[in-house]
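Comments concern the structure below.
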Amino acid sequence: MIDQSALYKIQYGMYIITTKHADKINGQIATVVFQVTSLPIQIAVCLSKKTYTHELILQSKVFGVSILDEKAPTKFIGTFGYRCGRECQKFDGINFTTGATGCPLVTDNSLIVMDAKVKQVFDVGSHDLFIGEIESSKTICDGVAMTYEYYHAVRKGKSPENAPTFQAKISG
């Protein structure tokens, strides 16, 4: 038997993952970002194969990460978490800068931004794990990074179906 609630105790953050390919930019909320090496500095990002951001990263081989402030409004999170960039322009009215890779890096409600060039992609089933070498990073402001636990417990946020943390019913 699997107690799916146990998985909520694994610590995650709340991030906006962005990319640019040709004239298209997009971004989405992700919870799985972590550093994998120090020389060279590389990070990993895990994204559903169904998302538009995933599709664009496969084409462009670059991605950006904006680490969200705990104070980020729920509506702002929803802009990047519950809408598809194939059907809307998520960056309308959003402040961002451009990273060394050309990726848009969301500065609104973000503590730190960084961007990376994809070095490897690992198929992990419904998702791909992108390993990227950091090209640039910048601190936007001081604050407390939003955790996924805080998002669920305090903000009462939900996990969309494409999130790696989505808890589908498991028949036992």
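Ordering of the structure tokens sets the chain letters (A, B, ...); residue numbers start at 1 within each chain; ligands are numbered from 1 in the order shown.
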
Per-residue DSSP, region 88-146 of chain A, filtered to strand (DSSP E), as a PyMOL selection string:
chain A and resi 96-98+104-106+110-123+127-139

Just want the 10 Å neighbourhood of Phe96 (chain A), counted on only C-alpha atoms, with same-chain residues fewer than 3 positions away dropped. Output as a PyMOL selection string. chain A and resi 66+91+93+99+103-108+110+113

Can you build me a table of region 53-146 of chain A residues sitting at most 7 Å from region 23-28 of chain A, with the closest atom pair per residue and its distance in Å to one decimal, using only C-alpha atoms, sorted by chain and residue number, as CSV?
residue,atom,partner,partner_atom,distance
A:Thr53,CA,A:Asn26,CA,5.9
A:Phe80,CA,A:Gln28,CA,4.5
A:Gly81,CA,A:Gln28,CA,5.6
A:Gly85,CA,A:Asn26,CA,5.9
A:Lys90,CA,A:Asn26,CA,6.9

Just the selected residues (N, CA and C atoms), exported as a PDB file, in the first residue's frame, please.
ATOM      1  N   THR A  53       5.933  24.641 -22.351  1.00  0.00           N
ATOM      2  CA  THR A  53       7.291  25.008 -21.942  1.00  0.00           C
ATOM      3  C   THR A  53       8.245  23.860 -22.245  1.00  0.00           C
ATOM      4  N   PHE A  80       0.921  31.412 -14.305  1.00  0.00           N
ATOM      5  CA  PHE A  80       1.929  30.506 -14.847  1.00  0.00           C
ATOM      6  C   PHE A  80       1.623  29.037 -14.549  1.00  0.00           C
ATOM      7  N   GLY A  81       0.631  28.781 -13.697  1.00  0.00           N
ATOM      8  CA  GLY A  81       0.371  27.410 -13.287  1.00  0.00           C
ATOM      9  C   GLY A  81      -0.867  26.761 -13.857  1.00  0.00           C
ATOM     10  N   GLY A  85       0.359  28.322 -22.410  1.00  0.00           N
ATOM     11  CA  GLY A  85       0.942  29.340 -23.272  1.00  0.00           C
ATOM     12  C   GLY A  85       0.634  29.154 -24.744  1.00  0.00           C
ATOM     13  N   LYS A  90       1.253  34.581 -21.485  1.00  0.00           N
ATOM     14  CA  LYS A  90       1.417  34.647 -20.038  1.00  0.00           C
ATOM     15  C   LYS A  90       2.209  35.863 -19.573  1.00  0.00           C
TER      16      LYS A  90
END

Report as a ChimeraX atom specification: the residues of chain A with a DSSP assignment of helix (DSSP H, G or I), based on the backbone of this structure. /A:4-9,52-60,74-81,148-153

Could you write those residues out with C-alpha atoms, as a PDB file, in the first residue's frame?
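What ended up in result-v8.pdb:
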ATOM      1  CA  GLN A   4       0.416   9.213  -1.013  1.00  0.00           C
ATOM      2  CA  SER A   5       0.195  11.853   1.726  1.00  0.00           C
ATOM      3  CA  ALA A   6       3.756  10.881   2.717  1.00  0.00           C
ATOM      4  CA  LEU A   7       4.961  12.425  -0.541  1.00  0.00           C
ATOM      5  CA  TYR A   8       3.789  15.866   0.644  1.00  0.00           C
ATOM      6  CA  LYS A   9       6.572  15.794   3.238  1.00  0.00           C
ATOM      7  CA  TYR A  52       4.232  23.923 -23.947  1.00  0.00           C
ATOM      8  CA  THR A  53       7.291  25.008 -21.942  1.00  0.00           C
ATOM      9  CA  HIS A  54       8.668  21.455 -22.222  1.00  0.00           C
ATOM     10  CA  GLU A  55       8.121  21.523 -25.984  1.00  0.00           C
ATOM     11  CA  LEU A  56       9.925  24.857 -26.364  1.00  0.00           C
ATOM     12  CA  ILE A  57      12.865  23.796 -24.155  1.00  0.00           C
ATOM     13  CA  LEU A  58      13.373  20.696 -26.307  1.00  0.00           C
ATOM     14  CA  GLN A  59      13.603  23.005 -29.337  1.00  0.00           C
ATOM     15  CA  SER A  60      15.670  25.841 -27.826  1.00  0.00           C
ATOM     16  CA  THR A  74      -1.968  33.317  -5.667  1.00  0.00           C
ATOM     17  CA  LYS A  75      -3.394  34.934  -8.827  1.00  0.00           C
ATOM     18  CA  PHE A  76       0.154  35.540 -10.090  1.00  0.00           C
ATOM     19  CA  ILE A  77       1.047  31.867  -9.494  1.00  0.00           C
ATOM     20  CA  GLY A  78      -2.111  30.868 -11.363  1.00  0.00           C
ATOM     21  CA  THR A  79      -1.008  32.867 -14.414  1.00  0.00           C
ATOM     22  CA  PHE A  80       1.929  30.506 -14.847  1.00  0.00           C
ATOM     23  CA  GLY A  81       0.371  27.410 -13.287  1.00  0.00           C
ATOM     24  CA  TYR A 148       5.392  23.729  -1.988  1.00  0.00           C
ATOM     25  CA  GLU A 149       4.303  22.812   1.532  1.00  0.00           C
ATOM     26  CA  TYR A 150       3.557  26.499   2.273  1.00  0.00           C
ATOM     27  CA  TYR A 151       1.654  26.765  -1.027  1.00  0.00           C
ATOM     28  CA  HIS A 152      -0.549  23.803  -0.016  1.00  0.00           C
ATOM     29  CA  ALA A 153      -0.901  24.372   3.742  1.00  0.00           C
TER      30      ALA A 153
END
